[in-house]
file structure.cif (mmCIF, C-alpha atoms)
data_final
#
loop_
_atom_site.label_atom_id
_atom_site.label_comp_id
_atom_site.auth_asym_id
_atom_site.auth_seq_id
_atom_site.Cartn_x
_atom_site.Cartn_y
_atom_site.Cartn_z
CA MET A 1 -7.93 -1.01 32.62
CA GLY A 2 -10.49 0.49 34.96
CA ASN A 3 -13.36 -1.48 36.45
CA SER A 4 -16.87 -0.84 37.76
CA ILE A 5 -15.81 -0.44 41.42
CA GLY A 6 -13.11 2.20 40.87
CA GLY A 7 -10.12 -0.13 40.58
CA LEU A 8 -7.22 0.00 38.12
CA ILE A 9 -5.46 -2.99 36.52
CA MET A 10 -2.17 -2.89 34.58
CA PHE A 11 -1.98 -5.76 32.10
CA ASN A 12 1.14 -6.94 30.24
CA HIS A 13 -0.19 -7.94 26.82
CA ARG A 14 3.09 -9.61 25.79
CA LYS A 15 3.19 -11.92 28.82
CA LYS A 16 -0.64 -12.13 28.92
CA LYS A 17 -0.85 -11.51 32.65
CA THR A 18 -1.66 -8.80 35.21
CA SER A 19 1.36 -6.72 36.32
CA ILE A 20 -0.17 -4.66 39.12
CA SER A 21 -3.60 -3.59 40.29
CA MET A 22 -5.32 -1.01 42.49
CA ILE A 23 -8.31 -2.74 44.06
CA GLY A 24 -11.55 -0.78 44.20
CA ASP A 25 -14.11 -0.68 47.00
CA ARG A 26 -16.72 -3.40 46.53
CA LYS A 27 -18.69 -2.26 49.60
CA ASN A 28 -19.17 1.29 48.31
CA LYS A 29 -22.70 1.62 46.94
CA GLU A 30 -21.94 4.85 45.05
CA ASP A 31 -21.14 4.77 41.32
CA HIS A 32 -17.33 4.92 41.10
CA ARG A 33 -16.84 3.42 37.65
CA ILE A 34 -13.59 4.33 35.90
CA THR A 35 -14.72 6.09 32.73
CA CYS A 36 -11.38 7.07 31.18
CA ILE A 37 -7.62 6.65 31.71
CA LYS A 38 -4.76 8.64 30.17
CA TYR A 39 -0.96 8.65 30.26
CA SER A 40 0.84 11.95 29.78
CA THR A 41 2.83 12.49 26.59
CA ASN A 42 6.14 11.92 28.38
CA GLY A 43 4.81 8.91 30.33
CA LYS A 44 5.54 10.44 33.76
CA TYR A 45 1.93 10.88 34.78
CA LEU A 46 -1.18 8.73 34.73
CA CYS A 47 -4.63 10.03 35.52
CA TYR A 48 -8.14 8.66 35.41
CA GLY A 49 -11.70 9.96 35.54
CA ARG A 50 -14.69 8.42 37.28
CA SER A 51 -18.42 8.38 36.66
CA ASP A 52 -18.99 10.67 39.67
CA GLY A 53 -16.81 13.42 38.16
CA LEU A 54 -13.60 12.70 40.09
CA PHE A 55 -10.30 13.37 38.28
CA GLN A 56 -7.27 11.70 39.94
CA PHE A 57 -3.50 11.52 39.32
CA VAL A 58 -1.77 8.20 40.18
CA ASP A 59 1.79 6.90 40.01
CA PRO A 60 2.20 5.18 36.59
CA TYR A 61 4.28 2.36 38.13
CA THR A 62 2.45 1.62 41.39
CA LEU A 63 -1.06 2.98 40.58
CA THR A 64 -1.14 4.74 43.96
CA PRO A 65 -2.53 8.31 44.26
CA ILE A 66 0.07 11.09 43.93
CA ASP A 67 0.02 13.58 46.82
CA ASN A 68 -3.75 13.14 47.08
CA ILE A 69 -4.12 15.32 43.99
CA SER A 70 -7.71 15.02 42.80
CA PHE A 71 -10.22 17.40 41.27
CA LYS A 72 -13.98 17.31 41.03
CA TRP A 73 -15.83 20.03 39.12
CA ASN A 74 -19.25 18.42 38.88
CA LYS A 75 -21.12 15.14 39.25
CA SER A 76 -21.08 14.28 35.53
CA PRO A 77 -18.82 11.42 34.31
CA VAL A 78 -15.36 12.37 33.03
CA GLN A 79 -15.54 11.34 29.37
CA HIS A 80 -12.14 12.30 28.00
CA ILE A 81 -8.67 13.42 29.15
CA THR A 82 -5.98 15.03 26.97
CA PHE A 83 -2.51 16.24 28.03
CA SER A 84 -0.69 19.13 26.44
CA ASP A 85 2.65 18.39 24.79
CA SER A 86 4.53 19.75 27.80
CA SER A 87 2.71 17.28 30.14
CA LYS A 88 3.21 19.64 33.08
CA LYS A 89 1.30 18.93 36.29
CA ASP A 90 0.44 21.50 38.92
CA LYS A 91 -1.24 21.19 42.29
CA GLU A 92 -3.55 24.03 41.29
CA PRO A 93 -6.81 23.00 39.60
CA PRO A 94 -6.78 23.38 35.80
CA LYS A 95 -8.44 26.58 34.60
CA ILE A 96 -10.80 27.04 31.64
CA VAL A 97 -8.95 29.20 29.13
CA LYS A 98 -11.40 29.17 26.25
CA SER A 99 -14.76 27.69 25.26
CA MET A 100 -15.73 26.85 21.68
CA LYS A 101 -19.30 25.84 20.83
CA THR A 102 -20.37 23.22 18.31
CA GLU A 103 -23.74 23.21 16.60
CA SER A 104 -26.62 22.76 19.08
CA PHE A 105 -27.89 19.70 17.17
CA ASN A 106 -24.45 18.08 16.94
CA GLU A 107 -23.52 16.83 20.39
CA PRO A 108 -19.81 15.85 20.61
CA GLN A 109 -19.23 12.19 21.46
CA CYS A 110 -15.44 12.14 21.78
CA MET A 111 -12.28 13.90 20.64
CA THR A 112 -8.61 13.21 20.11
CA LYS A 113 -5.54 15.29 19.42
CA SER A 114 -4.34 15.18 15.82
CA THR A 115 -0.57 15.50 15.43
CA ILE A 116 -0.30 14.90 11.69
CA ASN A 117 0.12 18.66 11.22
CA THR A 118 3.15 19.44 13.39
CA GLN A 119 2.87 23.18 12.70
CA GLU A 120 -0.49 23.60 14.47
CA PHE A 121 -2.43 22.21 17.42
CA ASN A 122 -5.48 20.43 16.01
CA PHE A 123 -8.01 18.05 17.48
CA MET A 124 -10.69 15.85 15.95
CA ILE A 125 -14.28 15.69 17.22
CA SER A 126 -16.88 13.01 16.52
CA GLY A 127 -20.49 14.22 16.67
CA ASN A 128 -23.76 12.38 17.12
CA ASP A 129 -24.67 13.33 13.54
CA LEU A 130 -22.06 10.72 12.40
CA ARG A 131 -19.69 13.37 11.00
CA LEU A 132 -16.09 14.09 11.96
CA SER A 133 -14.71 17.61 12.29
CA LEU A 134 -11.21 18.99 12.68
CA TRP A 135 -10.66 22.02 14.93
CA ASP A 136 -7.79 24.34 15.72
CA ASN A 137 -7.69 26.49 18.85
CA ASN A 138 -10.09 29.01 17.30
CA ARG A 139 -12.73 27.24 15.21
CA CYS A 140 -13.83 24.29 13.10
CA ILE A 141 -11.52 24.11 10.09
CA CYS A 142 -12.82 20.96 8.36
CA THR A 143 -16.00 18.85 8.39
CA THR A 144 -16.14 15.39 6.83
CA HIS A 145 -18.59 12.60 6.15
CA GLY A 146 -17.05 10.43 8.87
CA VAL A 147 -17.38 6.66 8.68
CA ASN A 148 -20.30 4.82 7.14
CA LEU A 149 -21.63 3.17 10.30
CA GLY A 150 -25.02 3.25 11.95
CA SER A 151 -23.90 4.91 15.19
CA PRO A 152 -21.41 7.72 15.95
CA ILE A 153 -17.79 7.13 16.93
CA ARG A 154 -17.48 7.22 20.72
CA VAL A 155 -13.75 6.57 21.23
CA MET A 156 -10.75 7.68 19.13
CA LYS A 157 -7.06 6.94 19.78
CA GLU A 158 -4.20 8.21 17.63
CA SER A 159 -1.61 5.59 16.72
CA PRO A 160 1.51 6.03 18.93
CA LYS A 161 3.76 4.92 16.05
CA PHE A 162 2.01 6.19 12.90
CA ASN A 163 0.34 9.53 13.59
CA ASN A 164 -1.59 9.39 10.33
CA ASP A 165 -3.75 6.55 11.71
CA ILE A 166 -6.63 6.95 14.15
CA PHE A 167 -8.15 3.89 15.82
CA PHE A 168 -11.81 4.17 16.79
CA CYS A 169 -14.90 2.35 18.00
CA ASN A 170 -18.62 3.03 18.05
CA ASP A 171 -21.17 0.95 19.93
CA THR A 172 -20.27 -2.38 18.29
CA ASP A 173 -17.53 -1.81 15.68
CA ILE A 174 -13.75 -1.28 15.83
CA GLY A 175 -11.85 0.39 13.00
CA ILE A 176 -9.12 2.66 11.70
CA ILE A 177 -9.15 6.03 9.89
CA ARG A 178 -6.35 7.39 7.75
CA GLN A 179 -5.39 11.05 8.19
CA PRO A 180 -5.75 13.73 6.99
CA ILE A 181 -9.51 13.24 7.18
CA ASP A 182 -11.33 14.35 4.03
CA GLY A 183 -14.47 12.20 3.89
CA ASN A 184 -12.99 9.63 1.50
CA PRO A 185 -14.91 6.39 2.35
CA TYR A 186 -11.91 4.29 1.28
CA LYS A 187 -9.67 5.80 3.96
CA ASN A 188 -11.36 3.95 6.80
CA ALA A 189 -12.27 0.35 7.61
CA ALA A 190 -14.11 -1.34 10.47
CA VAL A 191 -15.07 -4.80 11.73
CA LEU A 192 -17.70 -6.02 14.19
CA GLY A 193 -15.99 -5.91 17.56
CA SER A 194 -18.65 -7.00 20.03
CA GLY A 195 -22.21 -8.19 20.39
CA THR A 196 -22.67 -5.78 23.29
CA LYS A 197 -21.73 -2.13 23.67
CA ILE A 198 -17.97 -1.49 23.49
CA ILE A 199 -16.82 0.51 26.50
CA ASP A 200 -13.31 1.50 25.42
CA ILE A 201 -10.31 0.57 23.28
CA GLY A 202 -6.54 0.86 23.78
CA VAL A 203 -3.59 0.76 21.37
CA SER A 204 -0.18 -0.82 21.95
CA MET A 205 2.87 1.44 21.60
CA ASP A 206 3.95 -0.38 18.43
CA SER A 207 0.42 0.03 17.00
CA LEU A 208 0.23 -3.67 16.18
CA TYR A 209 -2.53 -4.46 18.68
CA ILE A 210 -5.87 -3.00 19.75
CA PHE A 211 -7.45 -3.89 23.09
CA SER A 212 -11.20 -3.68 23.67
CA ILE A 213 -13.57 -4.18 26.58
CA SER A 214 -17.35 -4.45 26.35
CA GLU A 215 -20.40 -4.28 28.58
CA ASN A 216 -21.48 -7.43 30.40
CA SER A 217 -18.17 -9.08 29.52
CA PRO A 218 -15.36 -9.93 31.98
CA SER A 219 -12.83 -10.33 29.16
CA MET A 220 -10.46 -8.03 27.31
CA ILE A 221 -10.04 -8.83 23.61
CA ILE A 222 -6.71 -8.32 21.82
CA TRP A 223 -6.88 -7.52 18.08
CA SER A 224 -3.96 -7.64 15.65
CA VAL A 225 -3.72 -4.71 13.22
CA ASN A 226 -2.75 -4.77 9.55
CA THR A 227 -2.49 -1.21 8.24
CA ASN A 228 -1.42 -2.49 4.80
CA TYR A 229 -5.07 -3.36 4.17
CA LEU A 230 -6.00 0.32 4.42
CA ASP A 231 -3.27 1.21 1.90
CA LYS A 232 -4.73 -1.28 -0.58
CA LEU A 233 -8.29 -0.09 0.09
CA GLU A 234 -7.38 3.54 -0.51
CA LYS A 235 -5.62 2.64 -3.76
CA TYR A 236 -8.64 0.61 -4.89
CA GLY A 237 -11.00 3.53 -4.24
CA GLY A 238 -9.15 5.85 -6.59
CA VAL A 239 -8.58 9.59 -6.39
CA GLY A 240 -10.76 12.66 -6.73
CA LEU A 241 -14.50 12.37 -7.27
CA LYS A 242 -14.20 8.68 -8.16
CA ALA A 243 -13.49 7.81 -4.51
CA TYR A 244 -16.60 9.68 -3.35
CA SER A 245 -19.01 8.25 -5.93
CA TYR A 246 -19.93 5.54 -3.42
CA LEU A 247 -21.61 8.24 -1.33
CA LEU A 248 -23.76 9.55 -4.21
CA GLU A 249 -27.24 8.20 -4.80
CA GLY A 250 -26.93 5.95 -7.85
CA GLY A 251 -23.13 6.35 -8.01
CA ARG A 252 -21.21 8.29 -10.67
CA ASN A 253 -24.06 8.14 -13.19
CA GLY A 254 -26.97 8.37 -10.77
CA PRO A 255 -29.69 11.01 -10.35
CA GLU A 256 -27.93 12.91 -7.56
CA ILE A 257 -24.78 13.70 -9.57
CA SER A 258 -26.97 14.73 -12.53
CA GLU A 259 -28.89 17.13 -10.31
CA LEU A 260 -25.68 18.58 -8.94
CA LYS A 261 -24.39 19.20 -12.47
CA GLU A 262 -27.63 20.88 -13.46
CA TYR A 263 -27.59 23.31 -10.53
CA PHE A 264 -23.88 23.98 -11.04
CA SER A 265 -24.69 25.13 -14.58
CA CYS A 266 -27.79 27.06 -13.50
CA VAL A 267 -25.77 29.16 -11.05
CA GLN A 268 -23.46 30.25 -13.86
CA LEU A 269 -26.43 31.19 -16.03
CA ALA A 270 -28.10 33.09 -13.19
CA ASN A 271 -24.93 35.14 -12.59
CA SER A 272 -24.40 35.91 -16.27
CA GLN A 273 -25.45 39.20 -17.85
CA ASN A 274 -26.18 37.39 -21.10
CA PRO A 275 -27.26 33.77 -20.37
CA GLU A 276 -27.82 32.97 -24.08
CA THR A 277 -24.11 33.32 -24.88
CA THR A 278 -22.73 32.02 -21.57
CA VAL A 279 -20.10 29.31 -21.81
CA ILE A 280 -20.53 26.78 -19.00
CA ARG A 281 -17.27 26.30 -17.15
CA ASP A 282 -15.99 23.85 -14.51
CA TYR A 283 -15.83 26.43 -11.74
CA VAL A 284 -18.06 28.94 -9.95
CA ASP A 285 -17.58 31.61 -7.32
CA VAL A 286 -17.23 30.19 -3.79
CA TYR A 287 -20.03 32.40 -2.49
CA ASN A 288 -22.50 30.46 -4.65
CA VAL A 289 -22.15 27.41 -2.39
CA SER A 290 -25.14 28.47 -0.26
CA PHE A 291 -27.48 28.56 -3.28
CA LEU A 292 -26.18 25.24 -4.59
CA VAL A 293 -26.61 23.23 -1.38
CA ARG A 294 -30.03 24.75 -0.70
CA ALA A 295 -31.13 23.78 -4.18
CA MET A 296 -30.24 20.19 -3.21
CA GLY A 297 -32.50 20.40 -0.16
CA TYR A 298 -29.77 21.02 2.42
CA PHE A 299 -30.30 24.22 4.39
CA PRO A 300 -27.16 24.89 6.45
CA SER A 301 -27.14 27.10 9.52
CA GLU A 302 -25.09 30.28 9.48
CA THR A 303 -22.34 28.49 11.41
CA GLU A 304 -22.28 25.57 8.97
CA LEU A 305 -22.18 27.94 6.01
CA SER A 306 -19.34 29.86 7.62
CA ASN A 307 -17.42 26.59 8.05
CA MET A 308 -17.97 25.66 4.40
CA LEU A 309 -16.69 29.03 3.19
CA TYR A 310 -13.71 28.84 5.55
CA GLU A 311 -12.72 25.45 4.10
CA MET A 312 -12.89 26.81 0.56
CA PHE A 313 -10.94 29.99 1.32
CA SER A 314 -8.26 27.99 3.19
CA ARG A 315 -7.25 26.07 0.06
CA ALA A 316 -4.10 26.81 -1.86
CA GLY A 317 -4.27 28.08 -5.43
CA HIS A 318 -7.58 29.79 -6.30
CA PRO A 319 -9.58 30.00 -3.06
CA THR A 320 -12.23 32.37 -4.46
CA THR A 321 -13.51 29.81 -6.98
CA MET A 322 -14.36 26.14 -6.68
CA THR A 323 -14.50 23.41 -9.29
CA PHE A 324 -17.41 21.01 -9.71
CA GLU A 325 -15.41 18.23 -8.08
CA GLU A 326 -14.57 20.40 -5.06
CA PHE A 327 -18.22 21.41 -4.70
CA VAL A 328 -19.49 17.81 -4.78
CA ILE A 329 -16.97 16.69 -2.15
CA LEU A 330 -17.85 19.69 0.04
CA TYR A 331 -21.57 18.91 -0.34
CA LEU A 332 -21.14 15.22 0.53
CA ASN A 333 -19.08 16.05 3.61
CA HIS A 334 -21.53 18.59 5.00
CA LYS A 335 -24.98 17.31 4.07
CA PRO A 336 -26.87 15.68 6.98
CA GLN A 337 -26.55 11.92 7.23
CA LEU A 338 -29.49 11.52 9.60
CA ARG A 339 -33.05 12.35 8.57
CA ILE A 340 -35.18 14.45 10.90
CA LYS A 341 -37.84 12.29 12.54
CA CYS A 342 -41.40 13.40 13.22
CA ASN A 343 -40.93 12.75 16.93
CA GLU A 344 -37.94 15.12 17.00
CA ILE A 345 -40.06 17.88 15.43
CA ARG A 346 -42.77 17.23 18.02
CA LEU A 347 -40.27 17.50 20.87
CA SER A 348 -38.95 20.79 19.47
CA PHE A 349 -42.49 22.12 19.11
CA ASN A 350 -43.26 21.16 22.71
CA LYS A 351 -40.17 23.05 23.89
CA LEU A 352 -41.36 26.10 22.01
CA MET A 353 -44.77 25.84 23.71
CA GLN A 354 -43.13 25.61 27.12
CA ASN A 355 -41.47 28.97 26.47
CA ASP A 356 -44.64 30.58 25.10
CA GLN A 357 -45.27 33.58 27.34
CA TYR A 358 -48.68 34.21 25.78
CA VAL A 359 -50.23 30.75 26.36
CA ASN A 360 -51.64 31.45 29.80
CA ALA A 361 -53.17 34.66 28.56
CA TYR A 362 -55.32 32.65 26.14
CA GLY A 363 -56.03 29.82 28.58
CA GLU A 364 -54.56 27.13 26.30
CA ASN A 365 -51.68 24.71 26.92
CA LYS A 366 -51.18 22.88 23.61
CA ILE A 367 -50.81 25.77 21.22
CA LEU A 368 -48.05 28.07 20.03
CA THR A 369 -49.28 31.62 19.66
CA ARG A 370 -48.23 33.70 16.70
CA GLU A 371 -46.83 36.43 18.98
CA SER A 372 -44.53 33.97 20.71
CA PHE A 373 -43.56 32.31 17.40
CA VAL A 374 -42.49 35.67 15.93
CA HIS A 375 -40.66 36.61 19.13
CA MET A 376 -38.67 33.35 19.16
CA MET A 377 -37.79 33.50 15.46
CA THR A 378 -36.53 37.08 15.74
CA ASN A 379 -34.78 36.90 19.12
CA ILE A 380 -33.62 33.31 19.83
CA GLY A 381 -31.00 31.19 18.06
CA GLU A 382 -30.07 32.36 14.56
CA LYS A 383 -32.12 35.53 14.60
CA ILE A 384 -34.29 36.38 11.58
CA SER A 385 -35.36 39.97 10.96
CA PRO A 386 -39.13 40.66 10.79
CA ARG A 387 -38.81 41.51 7.12
CA GLU A 388 -36.99 38.24 6.35
CA LEU A 389 -39.61 36.32 8.31
CA GLU A 390 -42.39 38.12 6.40
CA ILE A 391 -40.87 37.05 3.08
CA ILE A 392 -40.42 33.43 4.23
CA LEU A 393 -43.97 33.10 5.56
CA ASN A 394 -45.59 34.64 2.51
CA THR A 395 -43.58 32.25 0.33
CA LEU A 396 -44.47 29.18 2.40
CA LEU A 397 -48.14 30.12 2.72
CA LYS A 398 -48.24 30.95 -1.03
CA THR A 399 -50.07 34.20 -0.42
CA THR A 400 -50.56 36.81 -3.11
CA LYS A 401 -50.17 39.70 -0.66
CA ASP A 402 -47.40 42.09 -1.63
CA ILE A 403 -44.33 41.95 0.58
CA SER A 404 -43.78 45.16 2.48
CA SER A 405 -41.13 47.32 0.83
CA SER A 406 -40.73 49.49 3.89
CA SER A 407 -37.32 49.54 5.50
CA ASN A 408 -39.07 49.81 8.87
CA GLU A 409 -38.95 46.28 10.29
CA ASN A 410 -42.28 45.89 12.11
CA ALA A 411 -43.26 42.54 13.64
CA ASN A 412 -46.95 43.48 13.27
CA LEU A 413 -46.61 42.91 9.51
CA VAL A 414 -45.61 39.32 10.22
CA HIS A 415 -48.55 38.79 12.57
CA LEU A 416 -50.92 39.52 9.70
CA SER A 417 -49.44 36.66 7.70
CA LEU A 418 -49.97 34.07 10.44
CA PRO A 419 -52.99 32.28 11.90
CA PHE A 420 -53.83 33.24 15.48
CA VAL A 421 -52.42 30.02 16.97
CA ARG A 422 -50.61 26.87 15.77
CA THR A 423 -50.87 23.27 16.95
CA PHE A 424 -48.83 20.16 16.15
CA ILE A 425 -50.88 17.54 14.27
#
call {"tool": "encode", "arguments": {"input": "structure.cif", "output": "structure tokens"}}
result
Amino acid sequence: MGNSIGGLIMFNHRKKKTSISMIGDRKNKEDHRITCIKYSTNGKYLCYGRSDGLFQFVDPYTLTPIDNISFKWNKSPVQHITFSDSSKKDKEPPKIVKSMKTESFNEPQCMTKSTINTQEFNFMISGNDLRLSLWDNNRCICTTHGVNLGSPIRVMKESPKFNNDIFFCNDTDIGIIRQPIDGNPYKNAAVLGSGTKIIDIGVSMDSLYIFSISENSPSMIIWSVNTNYLDKLEKYGGVGLKAYSYLLEGGRNGPEISELKEYFSCVQLANSQNPETTVIRDYVDVYNVSFLVRAMGYFPSETELSNMLYEMFSRAGHPTTMTFEEFVILYLNHKPQLRIKCNEIRLSFNKLMQNDQYVNAYGENKILTRESFVHMMTNIGEKISPRELEIILNTLLKTTKDISSSSNENANLVHLSLPFVRTFI
């Protein structure tokens, strides 16, 4: 365990007593909290991270620093440490080999290495949108619904004995997830673990115990684990779409599943040359997924849509088509779990105004000019062409003006569709 003054404590959970400790500096007024601790895969190395950004190697038996090897890249807290399988240590500072970006609205909370697939190196990321995603060393390969809790998972630890189990905690709950993750709500379970915010959890090597520490608490709690409960829960939930019906509004016979069926049929009719004689089938082309989810009110970004298509094309069998069951599961795993709040829209609007290069020219400070709005939509983030923006605005404003058919993409055409300035009401 690490404490608030930079000390380390090794605790023998079988004998219920402290084995050895590295005492921190009580007189130091700087923030030296231990934020994370990690053993190497082979057990030869132990390192920890502090709230001031320090990354330190220590002897795993004596808890003393090894050759004064420490690194400090910035002043931000070290949130997570992961060793490669080789567990090699070098006196040279680690180098950034590659950077992969998640969605801007989905801030990662924690990650853990997933070893259930021994053929590839995968890791799991928990985002602040409550979803879980699986990544390889190139991209996101799977997105799932996550766990049905009110706050995102902040800590994940793979079971040392059973690599298909992941232990986790959010702010107040402790639980377990069964791999491979697929969004099945019956493949995870959680219990209330603390009345205050849980700082971290640990797992015994035999995976029979979980250890947790919480804010404003001087105690460490030891939990016994019964993985047989998860086996029974998964069996009770059933297979296929039956297991996911809990996530649908109204269940298996509710309004949401009826709406999904209707749009699934409509897509087939829309793609048919002769709708009157079309036979409705249980599958559609994978590329129709964008129209289907948008019809349900979920408008994915280009990155999200790319991830959805990648998941479908990565399946075995017939990757170019998807069944109704596959579509519903994909939709439930990707649709947002958190509603956008009015205050979040206001904050985004304020950020746009701060970057409005035309505001000073008009002598206003609480408006977003149409010139700046068009510039941001066509040049920042997921760029929209002027012609696409013209079509969108004329549709939203319900104008009767004919859309320009010219191939020349001119932003001045968009300006004509917009009021001079916009304010947030």
call {"tool": "resolve_selection", "arguments": {"input": "structure.cif", "expression": "the PyMOL selection byres ((chain A and resi 60) around 10)", "output": "list in words"}}
result
Met10, Tyr39, Ser40, Gly43, Lys44, Tyr45, Leu46, Cys47, Phe57, Val58, Asp59, Tyr61, Thr62, Leu63, Thr64, Pro65 and Ile66 of chain A
call {"tool": "resolve_selection", "arguments": {"input": "structure.cif", "expression": "the PyMOL selection byres ((chain A and resi 333-336) around 10)", "output": "compact mmCIF listing (two decimals) with C-alpha atoms, keeping the file's coordinate frame"}}
result
# COMPACT_ATOMS: atom_id res chain seq x y z
CA ASP A 129 -24.67 13.33 13.54
CA LEU A 130 -22.06 10.72 12.40
CA ARG A 131 -19.69 13.37 11.00
CA LEU A 132 -16.09 14.09 11.96
CA SER A 133 -14.71 17.61 12.29
CA CYS A 142 -12.82 20.96 8.36
CA THR A 143 -16.00 18.85 8.39
CA THR A 144 -16.14 15.39 6.83
CA HIS A 145 -18.59 12.60 6.15
CA GLY A 146 -17.05 10.43 8.87
CA ASP A 182 -11.33 14.35 4.03
CA GLY A 183 -14.47 12.20 3.89
CA ASN A 184 -12.99 9.63 1.50
CA TYR A 244 -16.60 9.68 -3.35
CA LEU A 247 -21.61 8.24 -1.33
CA VAL A 293 -26.61 23.23 -1.38
CA MET A 296 -30.24 20.19 -3.21
CA GLY A 297 -32.50 20.40 -0.16
CA TYR A 298 -29.77 21.02 2.42
CA PHE A 299 -30.30 24.22 4.39
CA PRO A 300 -27.16 24.89 6.45
CA GLU A 304 -22.28 25.57 8.97
CA LEU A 305 -22.18 27.94 6.01
CA ASN A 307 -17.42 26.59 8.05
CA MET A 308 -17.97 25.66 4.40
CA PHE A 327 -18.22 21.41 -4.70
CA VAL A 328 -19.49 17.81 -4.78
CA ILE A 329 -16.97 16.69 -2.15
CA LEU A 330 -17.85 19.69 0.04
CA TYR A 331 -21.57 18.91 -0.34
CA LEU A 332 -21.14 15.22 0.53
CA GLN A 337 -26.55 11.92 7.23
CA LEU A 338 -29.49 11.52 9.60
CA ARG A 339 -33.05 12.35 8.57
CA ILE A 340 -35.18 14.45 10.90
call {"tool": "residues_around", "arguments": {"input": "structure.cif", "residues": "A:Leu208", "least_positions_apart": "4", "cutoff": "12 Å", "atoms": "all atoms listed in the file", "output": "PDB file with C-alpha atoms, in the coordinates of the input"}}
result
ATOM      1  CA  HIS A  13      -0.190  -7.940  26.820  1.00  0.00           C
ATOM      2  CA  ARG A  14       3.090  -9.610  25.790  1.00  0.00           C
ATOM      3  CA  SER A 159      -1.610   5.590  16.720  1.00  0.00           C
ATOM      4  CA  PRO A 160       1.510   6.030  18.930  1.00  0.00           C
ATOM      5  CA  LYS A 161       3.760   4.920  16.050  1.00  0.00           C
ATOM      6  CA  PHE A 162       2.010   6.190  12.900  1.00  0.00           C
ATOM      7  CA  ASP A 165      -3.750   6.550  11.710  1.00  0.00           C
ATOM      8  CA  PHE A 167      -8.150   3.890  15.820  1.00  0.00           C
ATOM      9  CA  GLY A 202      -6.540   0.860  23.780  1.00  0.00           C
ATOM     10  CA  VAL A 203      -3.590   0.760  21.370  1.00  0.00           C
ATOM     11  CA  SER A 204      -0.180  -0.820  21.950  1.00  0.00           C
ATOM     12  CA  ILE A 222      -6.710  -8.320  21.820  1.00  0.00           C
ATOM     13  CA  TRP A 223      -6.880  -7.520  18.080  1.00  0.00           C
ATOM     14  CA  SER A 224      -3.960  -7.640  15.650  1.00  0.00           C
ATOM     15  CA  VAL A 225      -3.720  -4.710  13.220  1.00  0.00           C
ATOM     16  CA  ASN A 226      -2.750  -4.770   9.550  1.00  0.00           C
ATOM     17  CA  THR A 227      -2.490  -1.210   8.240  1.00  0.00           C
ATOM     18  CA  ASN A 228      -1.420  -2.490   4.800  1.00  0.00           C
TER      19      ASN A 228
END
call {"tool": "resolve_selection", "arguments": {"input": "structure.cif", "expression": "the PyMOL selection byres ((chain A and resi 30) around 12)", "output": "VMD selection string"}}
result
chain A and resid 4 to 6 24 to 29 31 to 33 50 to 52 75
call {"tool": "closest_residue", "arguments": {"input": "structure.cif", "among": "A:Asn138, A:Asn74, A:Gln79, A:Thr18", "to": "A:Ile199", "atoms": "all atoms listed in the file"}}
result
A:Gln79
call {"tool": "closest_residue", "arguments": {"input": "structure.cif", "among": "A:Lys15, A:Arg370, A:Met376, A:Asn122", "to": "A:Leu352", "atoms": "all atoms listed in the file"}}
result
A:Met376
call {"tool": "residues_around", "arguments": {"input": "structure.cif", "residues": "A:Ala190", "least_positions_apart": "5", "cutoff": "7 Å", "atoms": "only C-alpha atoms", "output": "ChimeraX atom specification"}}
result
/A:173-176
call {"tool": "atom_distance", "arguments": {"input": "structure.cif", "atom1": "atom CA of A:Ile141", "atom2": "atom CA of A:Met100"}}
result
12.6 Å
call {"tool": "atom_distance", "arguments": {"input": "structure.cif", "atom1": "atom CA of A:Ile153", "atom2": "atom CA of A:Asn170"}}
result
4.3 Å
call {"tool": "atom_distance", "arguments": {"input": "structure.cif", "atom1": "atom CA of A:Met124", "atom2": "atom CA of A:Met111"}}
result
5.3 Å
call {"tool": "residues_around", "arguments": {"input": "structure.cif", "residues": "A:Phe105", "least_positions_apart": "3", "cutoff": "10 Å", "atoms": "all atoms listed in the file", "output": "compact mmCIF listing (two decimals) with C-alpha atoms, in the coordinates of the input"}}
result
# COMPACT_ATOMS: atom_id res chain seq x y z
CA THR A 102 -20.37 23.22 18.31
CA PRO A 108 -19.81 15.85 20.61
CA GLY A 127 -20.49 14.22 16.67
CA ASN A 128 -23.76 12.38 17.12
CA ASP A 129 -24.67 13.33 13.54
call {"tool": "residues_around", "arguments": {"input": "structure.cif", "residues": "A:Asn164", "least_positions_apart": "2", "cutoff": "10 Å", "atoms": "all atoms listed in the file", "output": "NGL selection string"}}
result
:A and (114-117 or 158-162 or 166 or 177-181)
call {"tool": "closest_residue", "arguments": {"input": "structure.cif", "among": "A:Asn3, A:Thr41, A:Leu230, A:Thr112", "to": "A:Phe83", "atoms": "only C-alpha atoms"}}
result
A:Thr41
call {"tool": "residues_around", "arguments": {"input": "structure.cif", "residues": "A:Val155", "least_positions_apart": "5", "cutoff": "7 Å", "atoms": "all atoms listed in the file", "output": "VMD selection string"}}
result
chain A and resid 110 168 to 170 200
call {"tool": "residues_near_point", "arguments": {"input": "structure.cif", "point": "(-20.7, 25.4, -11.5)", "cutoff": "7 Å", "atoms": "all atoms listed in the file", "output": "mmCIF file with C-alpha atoms, in the coordinates of the input"}}
result
data_model
loop_
_atom_site.group_PDB
_atom_site.id
_atom_site.type_symbol
_atom_site.label_atom_id
_atom_site.label_comp_id
_atom_site.auth_asym_id
_atom_site.auth_seq_id
_atom_site.Cartn_x
_atom_site.Cartn_y
_atom_site.Cartn_z
ATOM 1 C CA PHE A 264 -23.880 23.980 -11.040
ATOM 2 C CA SER A 265 -24.690 25.130 -14.580
ATOM 3 C CA VAL A 267 -25.770 29.160 -11.050
ATOM 4 C CA GLN A 268 -23.460 30.250 -13.860
ATOM 5 C CA ARG A 281 -17.270 26.300 -17.150
ATOM 6 C CA ASP A 282 -15.990 23.850 -14.510
ATOM 7 C CA TYR A 283 -15.830 26.430 -11.740
ATOM 8 C CA VAL A 284 -18.060 28.940 -9.950
ATOM 9 C CA THR A 323 -14.500 23.410 -9.290
ATOM 10 C CA PHE A 324 -17.410 21.010 -9.710
#
